[in-house]
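Student: Dropping the structure in here first, questions after.
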Amino acid sequence: GQNIDQPTEMTATEGAIVQINCTYQTSGFNGLFWYQQHAGEAPTFLSYNVLDGLEEKGRFSSFLSRSKGYSYLLLKELQMKDSASYLCAVRDNTNAGKSTFGDGTTLTVKP
Amino acid sequence: DTAVSQTPKYLVTQMGNDKSIKCEQNLGHDTMYWYKQDSKKFLKIMFSYNNKELIINETVPNRFSPKSPDKAHLNLHINSLELGDSAVYFCASSQDRRGVGNTIYFGEGSWLTVV
């Protein structure tokens, strides 16, 4: 089975940097995804990590350490529109490739 | 243009009724899913189909029955609706089950309210 932990809520200031952590325990790991979900909308894909290290994509970066069962999503130059829920999802290594989602971190960006 | 489309978007119905939610994807993906997101925003997988074959079936009451007539469609039928079924149901698809191809593309969601 899989267990995924993320903070429930975070608050940050416009223009700042925020780091959202995700820790996981899994019987078989085959990739970690980050999704963004605005209120009342569907989740949308942000990033994918399968090897250790940092993946950078514009203002967003995601880091993975498989040995520590740890990932973080880094958001730079925060904008008001970044206020959303951020979901960490871990895929197992079965043939079905099931992705299990964390409960999400609600980020509020304040002026 | 819509990649993953599901209907209806909003559904209010009485306990005990039977209802269906339809889903179609035009991305050419092999794998489709149904997820449930409850009032606390927890997103849980219910079912997954790959090329019309059921590959994931989580612990879901058998009142929920998915049907995939072809790999572009995955419908969800719910019998004898209960108050606890009120949630947002997301249909989704992914190219396949490997690597970044397992990136999930979600439909807009169907808001089901059982009264």
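Note on naming: chains are A, B, ... as they come in the structure tokens, residues start from 1 per chain, ligands start from 1 in the order shown.
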Residues at most 10 Å from Asp52 (chain A), counting only C-alpha atoms, excluding those fewer than 4 positions away in the same chain, as JSON, numbers by chain?

Tutor: {"A": [63, 64, 65, 66, 67, 70, 71]}

Student: To test your reading of the structure, identify every residue in region 40-94 of chain A that backbone DSSP assigns to strand (DSSP E or B), and report it as a ChimeraX atom specification.

Tutor: /A:44-49,53-57,60-65,70-75,84-91

Student: Would you write out those residues with C-alpha atoms, as a PDB file, in the first residue's frame?

Tutor:
```
ATOM      1  CA  THR A  44      -3.954  19.825 -13.666  1.00  0.00           C
ATOM      2  CA  PHE A  45      -0.486  18.356 -14.104  1.00  0.00           C
ATOM      3  CA  LEU A  46       2.514  20.366 -12.875  1.00  0.00           C
ATOM      4  CA  SER A  47       5.540  18.078 -12.721  1.00  0.00           C
ATOM      5  CA  TYR A  48       6.870  14.521 -12.773  1.00  0.00           C
ATOM      6  CA  ASN A  49       9.915  13.030 -11.013  1.00  0.00           C
ATOM      7  CA  GLY A  53      17.080  15.443  -8.198  1.00  0.00           C
ATOM      8  CA  LEU A  54      15.456  18.665  -9.218  1.00  0.00           C
ATOM      9  CA  GLU A  55      13.164  19.240 -12.179  1.00  0.00           C
ATOM     10  CA  GLU A  56      12.665  22.879 -13.070  1.00  0.00           C
ATOM     11  CA  LYS A  57       9.821  24.280 -15.112  1.00  0.00           C
ATOM     12  CA  PHE A  60       7.862  25.782 -10.444  1.00  0.00           C
ATOM     13  CA  SER A  61      10.456  23.162  -9.479  1.00  0.00           C
ATOM     14  CA  SER A  62      10.040  19.710  -8.003  1.00  0.00           C
ATOM     15  CA  PHE A  63      12.614  17.685  -6.116  1.00  0.00           C
ATOM     16  CA  LEU A  64      12.739  13.974  -5.347  1.00  0.00           C
ATOM     17  CA  SER A  65      14.788  11.831  -2.980  1.00  0.00           C
ATOM     18  CA  TYR A  70      10.561  12.742   0.055  1.00  0.00           C
ATOM     19  CA  SER A  71       9.608  15.318  -2.520  1.00  0.00           C
ATOM     20  CA  TYR A  72       8.960  19.007  -2.524  1.00  0.00           C
ATOM     21  CA  LEU A  73       7.357  21.483  -4.878  1.00  0.00           C
ATOM     22  CA  LEU A  74       9.003  24.893  -4.960  1.00  0.00           C
ATOM     23  CA  LEU A  75       7.048  27.879  -6.182  1.00  0.00           C
ATOM     24  CA  ALA A  84      -4.806  26.610  -4.978  1.00  0.00           C
ATOM     25  CA  SER A  85      -4.526  23.098  -3.638  1.00  0.00           C
ATOM     26  CA  TYR A  86      -1.344  21.199  -4.529  1.00  0.00           C
ATOM     27  CA  LEU A  87      -1.598  17.435  -4.721  1.00  0.00           C
ATOM     28  CA  CYS A  88       1.301  15.015  -4.500  1.00  0.00           C
ATOM     29  CA  ALA A  89       0.642  11.662  -6.229  1.00  0.00           C
ATOM     30  CA  VAL A  90       2.794   8.542  -6.091  1.00  0.00           C
ATOM     31  CA  ARG A  91       2.581   5.813  -8.691  1.00  0.00           C
TER      32      ARG A  91
END
```

Student: Sorted by chain and rising residue number, which residues of region 32-108 of chain B lie within 12 Å of region 9-16 of chain B, and what are their closest atom pairs and distances in Å to one decimal, counting only C-alpha atoms, as a tab-separated table?

Tutor:
```
residue	atom	partner	partner_atom	distance
B:Arg63	CA	B:Gly16	CA	10.8
B:Ile78	CA	B:Gly16	CA	9.9
B:Asn79	CA	B:Gly16	CA	7.4
B:Ser80	CA	B:Gly16	CA	4.1
B:Leu81	CA	B:Gly16	CA	4.8
B:Glu82	CA	B:Met15	CA	5.2
B:Leu83	CA	B:Met15	CA	6.5
B:Gly84	CA	B:Met15	CA	9.8
B:Asp85	CA	B:Met15	CA	9.4
B:Ser86	CA	B:Val12	CA	9.1
B:Ala87	CA	B:Leu11	CA	10.3
B:Val88	CA	B:Tyr10	CA	9.1
B:Tyr89	CA	B:Lys9	CA	9.4
B:Phe90	CA	B:Lys9	CA	10.0
B:Cys91	CA	B:Lys9	CA	11.3
B:Gly107	CA	B:Lys9	CA	9.9
B:Glu108	CA	B:Lys9	CA	7.5
```

Student: Could you write those residues out with N, CA, C and O atoms, as a PDB file, in the first residue's frame?

Tutor:
```
ATOM      1  N   ARG B  63     -22.739  -1.004  -5.994  1.00  0.00           N
ATOM      2  CA  ARG B  63     -23.754  -0.132  -6.593  1.00  0.00           C
ATOM      3  C   ARG B  63     -23.129   0.720  -7.716  1.00  0.00           C
ATOM      4  O   ARG B  63     -23.841   1.285  -8.533  1.00  0.00           O
ATOM      5  N   ILE B  78     -24.518   4.463 -11.231  1.00  0.00           N
ATOM      6  CA  ILE B  78     -24.648   4.308  -9.784  1.00  0.00           C
ATOM      7  C   ILE B  78     -26.090   3.928  -9.458  1.00  0.00           C
ATOM      8  O   ILE B  78     -27.024   4.659  -9.818  1.00  0.00           O
ATOM      9  N   ASN B  79     -26.257   2.809  -8.811  1.00  0.00           N
ATOM     10  CA  ASN B  79     -27.584   2.344  -8.400  1.00  0.00           C
ATOM     11  C   ASN B  79     -27.890   2.756  -6.967  1.00  0.00           C
ATOM     12  O   ASN B  79     -26.981   2.908  -6.134  1.00  0.00           O
ATOM     13  N   SER B  80     -29.173   2.902  -6.686  1.00  0.00           N
ATOM     14  CA  SER B  80     -29.635   3.109  -5.300  1.00  0.00           C
ATOM     15  C   SER B  80     -28.788   4.151  -4.570  1.00  0.00           C
ATOM     16  O   SER B  80     -28.176   3.872  -3.526  1.00  0.00           O
ATOM     17  N   LEU B  81     -28.766   5.351  -5.093  1.00  0.00           N
ATOM     18  CA  LEU B  81     -27.911   6.403  -4.556  1.00  0.00           C
ATOM     19  C   LEU B  81     -28.166   6.658  -3.081  1.00  0.00           C
ATOM     20  O   LEU B  81     -29.309   6.628  -2.591  1.00  0.00           O
ATOM     21  N   GLU B  82     -27.070   6.922  -2.349  1.00  0.00           N
ATOM     22  CA  GLU B  82     -27.113   7.220  -0.926  1.00  0.00           C
ATOM     23  C   GLU B  82     -26.552   8.615  -0.675  1.00  0.00           C
ATOM     24  O   GLU B  82     -25.814   9.154  -1.515  1.00  0.00           O
ATOM     25  N   LEU B  83     -26.893   9.167   0.503  1.00  0.00           N
ATOM     26  CA  LEU B  83     -26.419  10.511   0.831  1.00  0.00           C
ATOM     27  C   LEU B  83     -24.892  10.599   0.753  1.00  0.00           C
ATOM     28  O   LEU B  83     -24.337  11.601   0.286  1.00  0.00           O
ATOM     29  N   GLY B  84     -24.225   9.538   1.178  1.00  0.00           N
ATOM     30  CA  GLY B  84     -22.763   9.535   1.199  1.00  0.00           C
ATOM     31  C   GLY B  84     -22.125   9.495  -0.179  1.00  0.00           C
ATOM     32  O   GLY B  84     -20.903   9.637  -0.304  1.00  0.00           O
ATOM     33  N   ASP B  85     -22.942   9.322  -1.200  1.00  0.00           N
ATOM     34  CA  ASP B  85     -22.391   9.329  -2.558  1.00  0.00           C
ATOM     35  C   ASP B  85     -22.198  10.748  -3.072  1.00  0.00           C
ATOM     36  O   ASP B  85     -21.590  10.940  -4.136  1.00  0.00           O
ATOM     37  N   SER B  86     -22.696  11.717  -2.342  1.00  0.00           N
ATOM     38  CA  SER B  86     -22.529  13.118  -2.752  1.00  0.00           C
ATOM     39  C   SER B  86     -21.047  13.455  -2.779  1.00  0.00           C
ATOM     40  O   SER B  86     -20.337  13.310  -1.779  1.00  0.00           O
ATOM     41  N   ALA B  87     -20.592  13.898  -3.938  1.00  0.00           N
ATOM     42  CA  ALA B  87     -19.162  14.159  -4.129  1.00  0.00           C
ATOM     43  C   ALA B  87     -18.974  14.713  -5.536  1.00  0.00           C
ATOM     44  O   ALA B  87     -19.933  14.832  -6.307  1.00  0.00           O
ATOM     45  N   VAL B  88     -17.728  15.025  -5.855  1.00  0.00           N
ATOM     46  CA  VAL B  88     -17.379  15.353  -7.231  1.00  0.00           C
ATOM     47  C   VAL B  88     -16.718  14.123  -7.839  1.00  0.00           C
ATOM     48  O   VAL B  88     -15.782  13.562  -7.253  1.00  0.00           O
ATOM     49  N   TYR B  89     -17.199  13.700  -8.971  1.00  0.00           N
ATOM     50  CA  TYR B  89     -16.645  12.538  -9.660  1.00  0.00           C
ATOM     51  C   TYR B  89     -15.870  13.033 -10.881  1.00  0.00           C
ATOM     52  O   TYR B  89     -16.414  13.705 -11.748  1.00  0.00           O
ATOM     53  N   PHE B  90     -14.593  12.699 -10.897  1.00  0.00           N
ATOM     54  CA  PHE B  90     -13.726  13.103 -12.000  1.00  0.00           C
ATOM     55  C   PHE B  90     -13.424  11.905 -12.884  1.00  0.00           C
ATOM     56  O   PHE B  90     -12.933  10.877 -12.414  1.00  0.00           O
ATOM     57  N   CYS B  91     -13.701  12.066 -14.151  1.00  0.00           N
ATOM     58  CA  CYS B  91     -13.208  11.135 -15.145  1.00  0.00           C
ATOM     59  C   CYS B  91     -11.824  11.614 -15.566  1.00  0.00           C
ATOM     60  O   CYS B  91     -11.530  12.825 -15.538  1.00  0.00           O
ATOM     61  N   GLY B 107     -11.141  15.336 -16.457  1.00  0.00           N
ATOM     62  CA  GLY B 107     -12.294  16.071 -16.930  1.00  0.00           C
ATOM     63  C   GLY B 107     -12.678  17.137 -15.917  1.00  0.00           C
ATOM     64  O   GLY B 107     -12.066  17.252 -14.847  1.00  0.00           O
ATOM     65  N   GLU B 108     -13.705  17.922 -16.246  1.00  0.00           N
ATOM     66  CA  GLU B 108     -14.079  19.051 -15.397  1.00  0.00           C
ATOM     67  C   GLU B 108     -14.804  18.641 -14.117  1.00  0.00           C
ATOM     68  O   GLU B 108     -15.001  19.466 -13.236  1.00  0.00           O
TER      69      GLU B 108
END
```

Student: With only C-alpha atoms considered, list every residue of chain B at most 8 Å from chain A, as a PyMOL selection string.

Tutor: chain B and resi 41-45+55-56+90+97-100+102-109

Student: May I have the selected residues written with C-alpha atoms, as a short mmCIF file (atom, residue, chain, number, x, y, z; two decimals), in the first residue's frame?

Tutor:
```
data_model
loop_
_atom_site.label_atom_id
_atom_site.label_comp_id
_atom_site.auth_asym_id
_atom_site.auth_seq_id
_atom_site.Cartn_x
_atom_site.Cartn_y
_atom_site.Cartn_z
CA LYS B 41 -11.23 17.36 -1.04
CA PHE B 42 -9.68 13.89 -0.72
CA LEU B 43 -9.17 12.46 -4.22
CA LYS B 44 -9.51 8.69 -4.38
CA ILE B 45 -9.30 6.37 -7.34
CA ILE B 55 -7.29 -3.03 -14.30
CA ILE B 56 -8.00 -1.19 -11.06
CA PHE B 90 -13.73 13.10 -12.00
CA ARG B 97 0.75 3.40 -17.54
CA ARG B 98 4.47 3.99 -17.97
CA GLY B 99 6.67 6.95 -17.12
CA VAL B 100 5.43 10.43 -17.75
CA ASN B 102 1.00 8.06 -16.83
CA THR B 103 0.27 11.78 -16.42
CA ILE B 104 -3.41 12.02 -15.67
CA TYR B 105 -5.67 14.42 -17.55
CA PHE B 106 -8.87 15.16 -15.68
CA GLY B 107 -12.29 16.07 -16.93
CA GLU B 108 -14.08 19.05 -15.40
CA GLY B 109 -15.86 16.92 -12.83
#
```

Student: Quick one: residues within 7 Å of Met80 (chain A), only C-alpha atoms, excluding same-chain residues fewer than 3 positions away - as a PyMOL selection string?

Tutor: chain A and resi 14+83+109-110

Student: I need the residues from that last selection saved to file as a PDB file, in the first residue's frame (with N, CA and C atoms), if you can.

Tutor:
```
ATOM      1  N   GLU A  14       2.707  37.263  -1.705  1.00  0.00           N
ATOM      2  CA  GLU A  14       2.950  37.508  -3.127  1.00  0.00           C
ATOM      3  C   GLU A  14       4.410  37.907  -3.353  1.00  0.00           C
ATOM      4  N   SER A  83      -2.742  30.670  -5.603  1.00  0.00           N
ATOM      5  CA  SER A  83      -3.596  30.179  -4.516  1.00  0.00           C
ATOM      6  C   SER A  83      -4.419  29.006  -5.038  1.00  0.00           C
ATOM      7  N   VAL A 109      -2.095  32.638  -1.100  1.00  0.00           N
ATOM      8  CA  VAL A 109      -1.120  33.696  -1.360  1.00  0.00           C
ATOM      9  C   VAL A 109      -1.770  35.028  -1.010  1.00  0.00           C
ATOM     10  N   LYS A 110      -1.104  35.776  -0.128  1.00  0.00           N
ATOM     11  CA  LYS A 110      -1.648  37.057   0.329  1.00  0.00           C
ATOM     12  C   LYS A 110      -0.846  38.213  -0.256  1.00  0.00           C
TER      13      LYS A 110
END
```

Student: Give the helix (DSSP H, G or I) residues of region 63-104 of chain B, as assigned by DSSP on the backbone, as a list in words.

Tutor: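 Everything in region 63-104 of chain B that counts as helix (DSSP H, G or I) is Leu83, Gly84, Asp85, Gly99, Val100, Gly101 and Asn102 of chain B.
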
Student: Skip Ser65 (chain B) itself and residues of its chain fewer than 6 positions away, then list as a PDB file with C-alpha atoms, in the first residue's frame all residues within 10 Å of it, counting only C-alpha atoms.

Tutor:
```
ATOM      1  CA  SER B  20     -25.194   7.651 -14.905  1.00  0.00           C
ATOM      2  CA  PHE B  47     -11.683   2.376 -11.226  1.00  0.00           C
ATOM      3  CA  ASN B  75     -19.214   5.644 -18.142  1.00  0.00           C
ATOM      4  CA  LEU B  76     -20.187   5.302 -14.496  1.00  0.00           C
ATOM      5  CA  HIS B  77     -23.563   4.007 -13.398  1.00  0.00           C
ATOM      6  CA  ILE B  78     -24.648   4.308  -9.784  1.00  0.00           C
ATOM      7  CA  ASN B  79     -27.584   2.344  -8.400  1.00  0.00           C
TER       8      ASN B  79
END
```
